[in-house]
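Source file: input-v8.cif (mmCIF, C-alpha atoms)
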```cif
data_my_file
#
loop_
_atom_site.label_atom_id
_atom_site.label_comp_id
_atom_site.auth_asym_id
_atom_site.auth_seq_id
_atom_site.Cartn_x
_atom_site.Cartn_y
_atom_site.Cartn_z
CA MET Z 10 20.57 -8.88 17.57
CA PRO Z 11 18.07 -6.50 19.28
CA ILE Z 12 15.98 -4.14 17.16
CA TRP Z 13 17.19 -0.53 17.07
CA TYR Z 14 14.18 1.76 17.52
CA ASP Z 15 14.85 5.24 16.14
CA PRO Z 16 11.91 7.66 16.33
CA VAL Z 17 14.05 10.52 15.01
CA GLY Z 18 15.03 8.56 11.91
CA LEU Z 19 11.43 7.46 11.33
CA ALA Z 20 10.17 11.04 11.63
CA LEU Z 21 12.88 12.29 9.26
CA GLY Z 22 11.89 9.63 6.73
CA VAL Z 23 8.26 10.73 6.88
CA ALA Z 24 9.38 14.33 6.34
CA LEU Z 25 11.52 13.29 3.35
CA ASP Z 26 8.53 11.54 1.79
CA HIS Z 27 6.45 14.69 2.28
CA LEU Z 28 9.14 16.86 0.69
CA PHE Z 29 10.38 14.67 -2.15
CA ALA Z 30 7.67 12.02 -2.56
CA ASP Z 31 8.60 8.95 -4.60
CA PRO Z 32 10.66 10.01 -7.63
CA ARG Z 33 10.18 7.82 -10.68
CA SER Z 34 13.82 6.97 -11.18
CA ALA Z 35 15.65 3.82 -12.19
CA ALA Z 36 17.97 4.51 -9.25
CA HIS Z 37 15.19 4.42 -6.66
CA PRO Z 38 15.82 1.56 -4.20
CA VAL Z 39 12.46 -0.08 -4.92
CA ALA Z 40 13.15 0.03 -8.68
CA VAL Z 41 16.59 -1.50 -8.11
CA PHE Z 42 15.00 -4.24 -6.00
CA GLY Z 43 12.43 -4.91 -8.71
CA ARG Z 44 15.08 -5.34 -11.39
CA ALA Z 45 17.07 -7.70 -9.18
CA ALA Z 46 13.94 -9.76 -8.43
CA THR Z 47 13.13 -9.95 -12.15
CA LYS Z 48 16.61 -11.28 -12.92
CA LEU Z 49 16.33 -13.87 -10.15
CA GLU Z 50 12.89 -14.90 -11.41
CA LYS Z 51 14.42 -15.78 -14.78
CA VAL Z 52 16.83 -18.12 -12.99
CA VAL Z 53 14.47 -19.89 -10.56
CA TYR Z 54 11.13 -19.78 -12.40
CA ALA Z 55 9.13 -22.95 -12.79
CA ASP Z 56 5.39 -23.49 -12.60
CA ARG Z 57 5.63 -24.73 -9.02
CA LYS Z 58 4.96 -23.22 -5.60
CA ALA Z 59 8.33 -24.37 -4.31
CA ASN Z 60 10.21 -22.26 -6.84
CA GLY Z 61 8.19 -19.23 -5.84
CA VAL Z 62 9.05 -19.88 -2.21
CA VAL Z 63 12.74 -19.81 -3.14
CA LEU Z 64 12.37 -16.43 -4.88
CA VAL Z 65 10.49 -14.94 -1.94
CA ALA Z 66 12.93 -16.31 0.63
CA VAL Z 67 15.96 -14.94 -1.18
CA CYS Z 68 14.47 -11.51 -1.93
CA VAL Z 69 12.77 -10.88 1.42
CA GLY Z 70 15.64 -12.43 3.36
CA GLY Z 71 18.11 -10.28 1.48
CA ALA Z 72 16.14 -7.10 2.18
CA ALA Z 73 15.81 -7.94 5.88
CA GLY Z 74 19.54 -8.78 5.99
CA LEU Z 75 20.40 -5.31 4.67
CA GLY Z 76 18.28 -3.88 7.46
CA VAL Z 77 20.16 -5.94 10.05
CA LEU Z 78 23.47 -4.66 8.67
CA ALA Z 79 22.17 -1.08 8.93
CA GLN Z 80 21.55 -1.64 12.62
CA ARG Z 81 25.26 -2.32 13.12
CA LEU Z 82 26.13 1.25 12.13
CA PRO Z 83 27.06 3.83 14.76
CA LYS Z 84 24.15 5.73 16.31
CA GLY Z 85 24.19 8.62 13.84
CA GLY Z 86 24.50 6.21 10.94
CA ARG Z 87 21.52 4.21 12.20
CA THR Z 88 19.42 7.35 12.28
CA ILE Z 89 20.38 8.20 8.71
CA ALA Z 90 19.72 4.61 7.61
CA THR Z 91 16.30 4.65 9.28
CA ALA Z 92 15.42 7.95 7.63
CA MET Z 93 16.50 6.81 4.17
CA ALA Z 94 14.80 3.42 4.49
CA THR Z 95 11.57 5.07 5.67
CA TRP Z 96 11.64 7.51 2.76
CA ALA Z 97 12.37 4.69 0.30
CA VAL Z 98 9.46 2.49 1.38
CA LEU Z 99 6.78 5.13 1.94
CA GLY Z 100 4.49 6.16 -0.91
CA GLY Z 101 1.85 8.30 0.79
CA THR Z 102 2.72 11.62 -0.79
CA THR Z 103 2.88 10.14 -4.28
CA LEU Z 104 -0.40 8.30 -3.68
CA ALA Z 105 -2.22 11.49 -2.72
CA ARG Z 106 -0.72 13.33 -5.71
CA GLU Z 107 -1.87 10.59 -8.08
CA GLY Z 108 -5.38 10.90 -6.65
CA ALA Z 109 -5.29 14.67 -7.09
CA TYR Z 110 -4.06 14.23 -10.69
CA MET Z 111 -7.01 11.95 -11.45
CA ALA Z 112 -9.40 14.44 -9.86
CA ASP Z 113 -8.00 17.27 -11.98
CA ALA Z 114 -8.21 15.25 -15.21
CA LEU Z 115 -11.81 14.18 -14.58
CA GLU Z 116 -12.89 17.64 -13.44
CA ARG Z 117 -11.66 18.88 -16.83
CA ASP Z 118 -13.54 16.03 -18.60
CA ASP Z 119 -10.20 14.84 -19.96
CA LEU Z 120 -10.94 11.11 -20.15
CA PRO Z 121 -7.88 10.20 -22.26
CA ARG Z 122 -5.57 11.77 -19.66
CA ALA Z 123 -7.39 10.06 -16.78
CA ARG Z 124 -7.35 6.67 -18.53
CA ALA Z 125 -3.64 6.99 -19.27
CA ARG Z 126 -2.92 7.81 -15.63
CA LEU Z 127 -5.02 5.14 -13.93
CA PRO Z 128 -2.32 2.41 -14.23
CA HIS Z 129 -0.23 4.50 -11.82
CA LEU Z 130 -2.83 3.58 -9.19
CA CYS Z 131 -4.12 0.13 -10.04
CA GLY Z 132 -4.03 -2.72 -12.55
CA ARG Z 133 -7.48 -2.29 -14.09
CA ASP Z 134 -7.88 -1.99 -17.83
CA PRO Z 135 -8.82 1.70 -18.26
CA ARG Z 136 -9.45 1.75 -22.00
CA HIS Z 137 -13.24 1.63 -21.86
CA LEU Z 138 -13.85 3.18 -18.43
CA GLU Z 139 -16.01 6.28 -18.26
CA ALA Z 140 -15.74 8.99 -15.59
CA PRO Z 141 -17.85 7.21 -12.90
CA GLU Z 142 -15.83 4.00 -13.13
CA LEU Z 143 -12.56 5.92 -13.21
CA ALA Z 144 -13.70 7.74 -10.07
CA ARG Z 145 -14.59 4.46 -8.34
CA ALA Z 146 -11.28 2.89 -9.31
CA THR Z 147 -9.43 5.90 -7.93
CA VAL Z 148 -11.26 5.94 -4.60
CA GLU Z 149 -10.85 2.19 -4.14
CA SER Z 150 -7.15 2.41 -4.98
CA LEU Z 151 -6.65 5.29 -2.56
CA ALA Z 152 -8.32 3.26 0.17
CA GLU Z 153 -6.32 0.08 -0.35
CA ASN Z 154 -3.00 1.78 -1.02
CA THR Z 155 -3.28 3.97 2.06
CA SER Z 156 -2.58 0.73 3.90
CA ASP Z 157 0.03 -0.68 1.50
CA ALA Z 158 1.94 2.57 0.92
CA VAL Z 159 1.70 4.21 4.34
CA VAL Z 160 0.22 2.36 7.30
CA ALA Z 161 1.83 -1.03 6.70
CA PRO Z 162 5.43 0.17 6.20
CA LEU Z 163 5.10 2.51 9.20
CA PHE Z 164 3.71 -0.34 11.31
CA TRP Z 165 6.56 -2.66 10.44
CA GLY Z 166 9.11 0.12 10.84
CA ALA Z 167 7.74 0.90 14.29
CA VAL Z 168 7.80 -2.69 15.54
CA ALA Z 169 10.81 -4.09 13.66
CA GLY Z 170 13.02 -1.14 12.73
CA VAL Z 171 14.92 -0.97 9.42
CA PRO Z 172 14.68 -4.74 8.85
CA GLY Z 173 10.90 -4.46 9.12
CA LEU Z 174 10.75 -1.51 6.73
CA LEU Z 175 12.83 -3.20 4.04
CA ALA Z 176 11.30 -6.65 4.43
CA TYR Z 177 7.76 -5.27 4.17
CA ARG Z 178 8.50 -3.31 1.00
CA ALA Z 179 10.14 -6.40 -0.51
CA ILE Z 180 7.06 -8.48 0.30
CA ASN Z 181 4.65 -5.92 -1.09
CA THR Z 182 6.71 -5.37 -4.24
CA LEU Z 183 6.92 -9.10 -4.94
CA ASP Z 184 3.17 -9.41 -4.51
CA ALA Z 185 2.66 -6.65 -7.11
CA MET Z 186 5.09 -8.37 -9.47
CA ILE Z 187 4.08 -12.04 -9.22
CA GLY Z 188 1.29 -12.36 -6.65
CA HIS Z 189 -1.65 -12.05 -9.05
CA HIS Z 190 -3.84 -14.62 -10.79
CA SER Z 191 -2.47 -15.56 -14.21
CA PRO Z 192 -1.37 -18.77 -15.94
CA ARG Z 193 2.29 -17.91 -15.27
CA TYR Z 194 1.95 -16.90 -11.62
CA GLU Z 195 -0.96 -18.92 -10.24
CA ARG Z 196 1.45 -21.33 -8.54
CA PHE Z 197 4.80 -19.55 -8.76
CA GLY Z 198 3.34 -16.40 -7.18
CA TRP Z 199 1.46 -18.23 -4.42
CA ALA Z 200 4.07 -17.64 -1.71
CA ALA Z 201 4.37 -13.92 -2.53
CA ALA Z 202 0.61 -13.44 -2.38
CA ARG Z 203 0.15 -15.36 0.87
CA LEU Z 204 3.06 -13.65 2.61
CA ASP Z 205 1.66 -10.26 1.55
CA ASP Z 206 -1.69 -11.25 3.08
CA VAL Z 207 0.05 -12.06 6.36
CA ALA Z 208 2.19 -8.90 6.37
CA ASN Z 209 -0.85 -6.69 5.75
CA TYR Z 210 -3.30 -8.42 8.12
CA VAL Z 211 -2.77 -6.08 11.09
CA PRO Z 212 -1.98 -2.91 9.08
CA ALA Z 213 -5.16 -3.21 7.00
CA ARG Z 214 -7.28 -3.37 10.13
CA LEU Z 215 -5.38 -0.46 11.61
CA THR Z 216 -6.08 1.47 8.41
CA GLY Z 217 -9.78 0.75 8.82
CA LEU Z 218 -9.71 2.00 12.41
CA LEU Z 219 -7.69 5.10 11.51
CA THR Z 220 -10.22 5.83 8.76
CA VAL Z 221 -12.98 5.65 11.35
CA LEU Z 222 -10.98 7.97 13.62
CA THR Z 223 -10.17 10.60 10.98
CA GLY Z 224 -13.07 10.29 8.51
CA PRO Z 225 -15.85 12.84 8.02
CA ASP Z 226 -18.55 10.30 9.05
CA GLN Z 227 -17.07 8.26 11.87
CA LYS Z 228 -20.27 6.43 12.81
CA ASN Z 229 -20.97 5.23 9.27
CA ALA Z 230 -17.30 4.35 8.68
CA LEU Z 231 -17.35 2.06 11.71
CA ALA Z 232 -20.68 0.55 10.71
CA MET Z 233 -19.52 -0.25 7.16
CA LEU Z 234 -16.16 -1.55 8.41
CA ARG Z 235 -17.95 -3.99 10.70
CA ARG Z 236 -20.66 -4.95 8.20
CA ASP Z 237 -18.79 -5.09 4.88
CA GLY Z 238 -15.07 -5.33 5.67
CA HIS Z 239 -15.05 -9.11 5.22
CA ARG Z 240 -16.89 -9.12 1.89
CA HIS Z 241 -13.92 -8.32 -0.34
CA PRO Z 242 -12.11 -11.34 -1.89
CA SER Z 243 -8.90 -10.03 -0.32
CA PRO Z 244 -8.64 -10.68 3.44
CA ASN Z 245 -7.24 -7.16 3.88
CA ALA Z 246 -8.30 -4.73 1.15
CA GLY Z 247 -11.96 -4.92 2.14
CA ARG Z 248 -11.25 -3.51 5.60
CA CYS Z 249 -9.80 -0.37 4.05
CA GLU Z 250 -12.39 0.01 1.28
CA ALA Z 251 -15.38 -0.60 3.54
CA ALA Z 252 -14.18 2.03 6.02
CA PHE Z 253 -13.55 4.54 3.22
CA ALA Z 254 -16.99 3.79 1.75
CA GLY Z 255 -18.66 4.50 5.08
CA ALA Z 256 -16.59 7.59 5.85
CA LEU Z 257 -17.30 9.12 2.43
CA GLY Z 258 -20.92 7.95 2.21
CA VAL Z 259 -20.44 6.06 -1.07
CA THR Z 260 -20.70 2.48 -2.35
CA LEU Z 261 -17.56 0.75 -3.57
CA GLY Z 262 -17.17 -2.56 -5.38
CA GLY Z 263 -18.63 -3.93 -8.60
CA THR Z 264 -17.26 -5.30 -11.85
CA ASN Z 265 -13.57 -4.80 -12.63
CA VAL Z 266 -11.56 -5.82 -15.70
CA TYR Z 267 -7.88 -6.73 -15.40
CA SER Z 268 -6.07 -7.47 -18.68
CA GLY Z 269 -9.10 -9.24 -20.12
CA ARG Z 270 -10.00 -10.99 -16.84
CA THR Z 271 -13.32 -9.86 -15.32
CA GLU Z 272 -14.01 -9.91 -11.58
CA HIS Z 273 -17.40 -9.26 -9.95
CA ARG Z 274 -16.81 -7.99 -6.44
CA PRO Z 275 -19.42 -7.48 -3.68
CA THR Z 276 -20.43 -3.92 -2.95
CA MET Z 277 -19.51 -2.13 0.27
CA GLY Z 278 -21.33 0.88 1.69
CA ASP Z 279 -24.86 2.26 1.38
CA GLY Z 280 -24.40 5.50 -0.58
CA PRO Z 281 -24.23 6.25 -4.29
CA LYS Z 282 -21.30 5.20 -6.46
CA PRO Z 283 -18.37 7.63 -6.18
CA ASP Z 284 -18.49 10.70 -8.39
CA VAL Z 285 -15.63 12.86 -9.57
CA LYS Z 286 -16.10 15.18 -6.57
CA ASP Z 287 -15.53 12.26 -4.21
CA ILE Z 288 -11.94 11.79 -5.40
CA ARG Z 289 -10.69 14.93 -3.65
CA ARG Z 290 -12.58 13.91 -0.51
CA ALA Z 291 -10.82 10.54 -0.66
CA VAL Z 292 -7.46 12.28 -1.14
CA ARG Z 293 -8.09 14.36 1.99
CA LEU Z 294 -9.00 11.22 3.91
CA THR Z 295 -5.85 9.45 2.68
CA ARG Z 296 -3.74 12.36 3.90
CA ALA Z 297 -5.50 12.43 7.28
CA VAL Z 298 -5.00 8.70 7.81
CA SER Z 299 -1.37 8.96 6.70
CA LEU Z 300 -0.60 11.82 9.08
CA THR Z 301 -2.24 10.03 12.00
CA ALA Z 302 -0.42 6.80 11.20
CA ALA Z 303 2.91 8.63 11.05
CA ALA Z 304 2.32 10.27 14.42
CA ALA Z 305 1.32 6.94 15.96
CA ALA Z 306 4.35 5.15 14.49
CA VAL Z 307 6.81 7.76 15.76
CA ALA Z 308 5.20 7.71 19.22
CA THR Z 309 5.28 3.91 19.33
CA THR Z 310 8.92 3.85 18.27
CA TRP Z 311 9.80 6.41 20.94
CA LEU Z 312 8.05 4.34 23.64
CA LEU Z 313 9.83 1.16 22.54
CA ALA Z 314 13.18 2.96 22.52
CA PHE Z 315 12.45 4.40 25.97
CA ARG Z 316 11.58 0.95 27.34
CA ARG Z 317 14.72 -0.58 25.82
CA ARG Z 318 16.86 2.01 27.61
CA GLY Z 319 15.17 0.96 30.84
CA GLY Z 320 13.36 4.25 31.27
#
```

What is this file in structure tokens?
Amino acid sequence: MPIWYDPVGLALGVALDHLFADPRSAAHPVAVFGRAATKLEKVVYADRKANGVVLVAVCVGGAAGLGVLAQRLPKGGRTIATAMATWAVLGGTTLAREGAYMADALERDDLPRARARLPHLCGRDPRHLEAPELARATVESLAENTSDAVVAPLFWGAVAGVPGLLAYRAINTLDAMIGHHSPRYERFGWAAARLDDVANYVPARLTGLLTVLTGPDQKNALAMLRRDGHRHPSPNAGRCEAAFAGALGVTLGGTNVYSGRTEHRPTMGDGPKPDVKDIRRAVRLTRAVSLTAAAAAVATTWLLAFRRRGG
């Protein structure tokens, strides 16, 4: 079945995310998907890669299948489905608000509030982090999640319609749930982690380039992207963080603690470590990249729709 490209629906979904963000509700489609995946995990779990492949195939295939069914709706219904799917999978407005919340808490020297809020952005253990490390964690999370929450879903929505939107969010959600290093998920979560790497390969590099295009220091952003983008242990996150580091004139990377597990990551950038004031600069950069990505995605979708009509 051919992909239905709907620039109007995609643009409406972006507008809905701007207006309503990502409500923390048990009825949100991503929350519903997460609960369903958790129930399926209890059925198929075993400490083997093959069992993880089964979970990923069922969950991602099911999400993509819902997208295919949405494409069978009448034209107006397809536009509504595209808009609702786009809104459901985007997280750019919420991401920027979380960054602004962290900036406000740290500007007020309210470390308990900032530590309590950090898990909304990343999985680091915040209990012993002081303001500089909380600032670094926030900037790094804004950089990486600008790709995961905005650029990647828009990319897949532009090239693969509603099936692409839903399949990408399923992949990314599964990676967050089971794609991390731990005794339980080292093998079972392997397929989720690898598929997430594949799904984000192009979007992460697009995020780096959009950061260069929209950042306050374009020359340094490009230089750091080219020099340091490959240094991160993730094949994708480093492209985003290196570009942000160059654009903001800071150094990212260092020692991180995740639930008792310590990771020492290479540094990226040549400037000082991020300070509290750099969080709002990173929020502005996230918003600029997000807006540019949305415009590019809508334009791409319009061109693909125009070509399909034989224009």

Can you tell me which residues surround Z:Val23 at a distance of at most 8 Å, considering all atoms listed in the file, apart from same-chain residues fewer than 3 positions away, and format the answer as a compact mmCIF listing (two decimals) with C-alpha atoms, in the frame of the given file?
```
# COMPACT_ATOMS: atom_id res chain seq x y z
CA LEU Z 19 11.43 7.46 11.33
CA ALA Z 20 10.17 11.04 11.63
CA ASP Z 26 8.53 11.54 1.79
CA HIS Z 27 6.45 14.69 2.28
CA ALA Z 92 15.42 7.95 7.63
CA THR Z 95 11.57 5.07 5.67
CA TRP Z 96 11.64 7.51 2.76
CA LEU Z 99 6.78 5.13 1.94
CA ALA Z 303 2.91 8.63 11.05
```

Skipping near chain neighbours, those fewer than 5 positions away, what residues fall within 10 Å of Z:Ala201 using all atoms listed in the file, listed as an NGL selection string?
:Z and (58 or 61-62 or 64-66 or 69 or 179-189 or 194 or 196 or 206)

With the file shown as input, list the residues that the PyMOL selection byres ((chain Z and resi 221) around 7) selects, as JSON, numbers by chain.
{"Z": [217, 218, 219, 220, 222, 223, 224, 227, 230, 231, 252, 256]}

Counting only C-alpha atoms, I want the residues whose atoms come within 12 Å of (-11.4, -9.4, -2.4) in the file frame, returned as a list of chain:residue names.
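Residues with an atom close enough to that point: Z:Glu149, Z:Glu153, Z:Asp206, Z:Asp237, Z:Gly238, Z:His239, Z:Arg240, Z:His241, Z:Pro242, Z:Ser243, Z:Pro244, Z:Asn245, Z:Ala246, Z:Gly247, Z:Arg248, Z:Cys249, Z:Glu250, Z:Ala251, Z:Leu261, Z:Gly262, Z:Gly263, Z:Thr264, Z:Asn265, Z:Glu272, Z:His273, Z:Arg274, Z:Pro275, Z:Thr276, Z:Met277.
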
Given the selection you just returned, output its residues as a file containing C-alpha atoms, formatted as a short mmCIF file (atom, residue, chain, number, x, y, z; two decimals), keeping the file's coordinate frame.
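Output below, filename result.cif:
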```cif
data_model
loop_
_atom_site.label_atom_id
_atom_site.label_comp_id
_atom_site.auth_asym_id
_atom_site.auth_seq_id
_atom_site.Cartn_x
_atom_site.Cartn_y
_atom_site.Cartn_z
CA GLU Z 149 -10.85 2.19 -4.14
CA GLU Z 153 -6.32 0.08 -0.35
CA ASP Z 206 -1.69 -11.25 3.08
CA ASP Z 237 -18.79 -5.09 4.88
CA GLY Z 238 -15.07 -5.33 5.67
CA HIS Z 239 -15.05 -9.11 5.22
CA ARG Z 240 -16.89 -9.12 1.89
CA HIS Z 241 -13.92 -8.32 -0.34
CA PRO Z 242 -12.11 -11.34 -1.89
CA SER Z 243 -8.90 -10.03 -0.32
CA PRO Z 244 -8.64 -10.68 3.44
CA ASN Z 245 -7.24 -7.16 3.88
CA ALA Z 246 -8.30 -4.73 1.15
CA GLY Z 247 -11.96 -4.92 2.14
CA ARG Z 248 -11.25 -3.51 5.60
CA CYS Z 249 -9.80 -0.37 4.05
CA GLU Z 250 -12.39 0.01 1.28
CA ALA Z 251 -15.38 -0.60 3.54
CA LEU Z 261 -17.56 0.75 -3.57
CA GLY Z 262 -17.17 -2.56 -5.38
CA GLY Z 263 -18.63 -3.93 -8.60
CA THR Z 264 -17.26 -5.30 -11.85
CA ASN Z 265 -13.57 -4.80 -12.63
CA GLU Z 272 -14.01 -9.91 -11.58
CA HIS Z 273 -17.40 -9.26 -9.95
CA ARG Z 274 -16.81 -7.99 -6.44
CA PRO Z 275 -19.42 -7.48 -3.68
CA THR Z 276 -20.43 -3.92 -2.95
CA MET Z 277 -19.51 -2.13 0.27
#
```

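In this comparison, which uses only C-alpha atoms, the residue of Z:Arg57, Z:Arg44, Z:Arg133, Z:Lys286 approaching Z:Arg117 most closely is Z:Lys286.
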
Atom CA of Z:Arg81 and atom CA of Z:Ala97, how far apart in Å?
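Between these atoms lies a distance of 19.5 Å.
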
Residue with the minimum atom-to-atom distance to Z:Asp284, picked from Z:Val160, Z:Ala55, Z:Ala140, Z:Leu127 with all atoms listed in the file counted, is Z:Ala140

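Comparing the minimum interatomic distances between Z:Tyr177 and each of Z:Val211, Z:Ala161, Z:Ala35, Z:Leu234, counting only C-alpha atoms, we find that Z:Ala161 sits nearest.
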
Can you work out which one of Z:Pro128, Z:Pro38, Z:Gly22, Z:Pro162 has the shortest atom-to-atom distance to Z:Leu174, counting only C-alpha atoms?
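For Z:Leu174, the nearest of the given residues is Z:Pro162.
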
So what do you get for atom CA of Z:Leu115 versus atom CA of Z:Val259, distance-wise?
18.0 Å

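Distance annotation: of Z:Gly278, Z:Pro283, Z:Gly86, Z:Gly255, the residue with the minimal separation from Z:Glu142 is Z:Pro283; atom set is only C-alpha atoms.
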
Quick check, in Å to one decimal: how far apart do atom CA of Z:Thr295 and atom CA of Z:Thr103 lie?
11.2 Å

Just want the 7 Å neighbourhood of Z:Ala73, counted on only C-alpha atoms, with same-chain residues fewer than 3 positions away dropped. Output as a PyMOL selection string.
chain Z and resi 69-70+76-77+172-173+175-176

Give me the residues near Z:Ala314 as a PyMOL selection string, where near means some atom within 8 Å (using all atoms listed in the file) and where sequence neighbours in that chain fewer than 5 positions away do not count.
chain Z and resi 13-16

Which residues fall under the PyMOL selection byres ((chain Z and resi 101) around 7) in this file, as an mmCIF file with C-alpha atoms, in the frame of the given file?
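What ended up in out23.cif:
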```cif
data_model
loop_
_atom_site.group_PDB
_atom_site.id
_atom_site.type_symbol
_atom_site.label_atom_id
_atom_site.label_comp_id
_atom_site.auth_asym_id
_atom_site.auth_seq_id
_atom_site.Cartn_x
_atom_site.Cartn_y
_atom_site.Cartn_z
ATOM 1 C CA LEU Z 99 6.780 5.130 1.940
ATOM 2 C CA GLY Z 100 4.490 6.160 -0.910
ATOM 3 C CA THR Z 102 2.720 11.620 -0.790
ATOM 4 C CA THR Z 103 2.880 10.140 -4.280
ATOM 5 C CA LEU Z 104 -0.400 8.300 -3.680
ATOM 6 C CA ALA Z 105 -2.220 11.490 -2.720
ATOM 7 C CA THR Z 155 -3.280 3.970 2.060
ATOM 8 C CA ALA Z 158 1.940 2.570 0.920
ATOM 9 C CA VAL Z 159 1.700 4.210 4.340
ATOM 10 C CA SER Z 299 -1.370 8.960 6.700
#
```

Any chance you could build stretch 186-204 of chain Z out to N, CA and C atoms and write it as a CSV table (one decimal), keeping the file's coordinate frame?
```csv
chain,number,residue,atom,x,y,z
Z,186,MET,N,4.4,-7.8,-8.3
Z,186,MET,CA,5.1,-8.4,-9.5
Z,186,MET,C,4.6,-9.7,-9.9
Z,187,ILE,N,4.4,-10.6,-8.9
Z,187,ILE,CA,4.1,-12.0,-9.2
Z,187,ILE,C,2.9,-12.6,-8.4
Z,188,GLY,N,2.3,-11.8,-7.5
Z,188,GLY,CA,1.3,-12.4,-6.6
Z,188,GLY,C,-0.1,-12.3,-7.2
Z,189,HIS,N,-0.3,-12.2,-8.5
Z,189,HIS,CA,-1.6,-12.0,-9.0
Z,189,HIS,C,-2.0,-13.3,-9.8
Z,190,HIS,N,-3.3,-13.4,-10.1
Z,190,HIS,CA,-3.8,-14.6,-10.8
Z,190,HIS,C,-3.5,-14.5,-12.3
Z,191,SER,N,-2.8,-15.5,-12.8
Z,191,SER,CA,-2.5,-15.6,-14.2
Z,191,SER,C,-1.9,-17.0,-14.4
Z,192,PRO,N,-1.9,-17.4,-15.7
Z,192,PRO,CA,-1.4,-18.8,-15.9
Z,192,PRO,C,0.1,-18.9,-15.5
Z,193,ARG,N,0.9,-17.8,-15.6
Z,193,ARG,CA,2.3,-17.9,-15.3
Z,193,ARG,C,2.5,-17.9,-13.8
Z,194,TYR,N,1.7,-17.1,-13.0
Z,194,TYR,CA,2.0,-16.9,-11.6
Z,194,TYR,C,1.0,-17.6,-10.6
Z,195,GLU,N,0.0,-18.3,-11.1
Z,195,GLU,CA,-1.0,-18.9,-10.2
Z,195,GLU,C,-0.3,-19.8,-9.1
Z,196,ARG,N,0.7,-20.5,-9.5
Z,196,ARG,CA,1.4,-21.3,-8.5
Z,196,ARG,C,2.8,-20.7,-8.1
Z,197,PHE,N,3.5,-20.2,-9.1
Z,197,PHE,CA,4.8,-19.6,-8.8
Z,197,PHE,C,4.6,-18.3,-7.8
Z,198,GLY,N,3.6,-17.6,-8.0
Z,198,GLY,CA,3.3,-16.4,-7.2
Z,198,GLY,C,2.6,-16.6,-5.9
Z,199,TRP,N,2.3,-17.9,-5.6
Z,199,TRP,CA,1.5,-18.2,-4.4
Z,199,TRP,C,2.1,-17.7,-3.1
Z,200,ALA,N,3.4,-18.0,-2.9
Z,200,ALA,CA,4.1,-17.6,-1.7
Z,200,ALA,C,4.1,-16.1,-1.5
Z,201,ALA,N,4.3,-15.4,-2.6
Z,201,ALA,CA,4.4,-13.9,-2.5
Z,201,ALA,C,3.0,-13.4,-2.1
Z,202,ALA,N,1.9,-13.9,-2.7
Z,202,ALA,CA,0.6,-13.4,-2.4
Z,202,ALA,C,0.2,-13.8,-0.9
Z,203,ARG,N,0.5,-15.0,-0.5
Z,203,ARG,CA,0.2,-15.4,0.9
Z,203,ARG,C,1.0,-14.6,1.9
Z,204,LEU,N,2.2,-14.4,1.7
Z,204,LEU,CA,3.1,-13.6,2.6
Z,204,LEU,C,2.6,-12.2,2.7
```
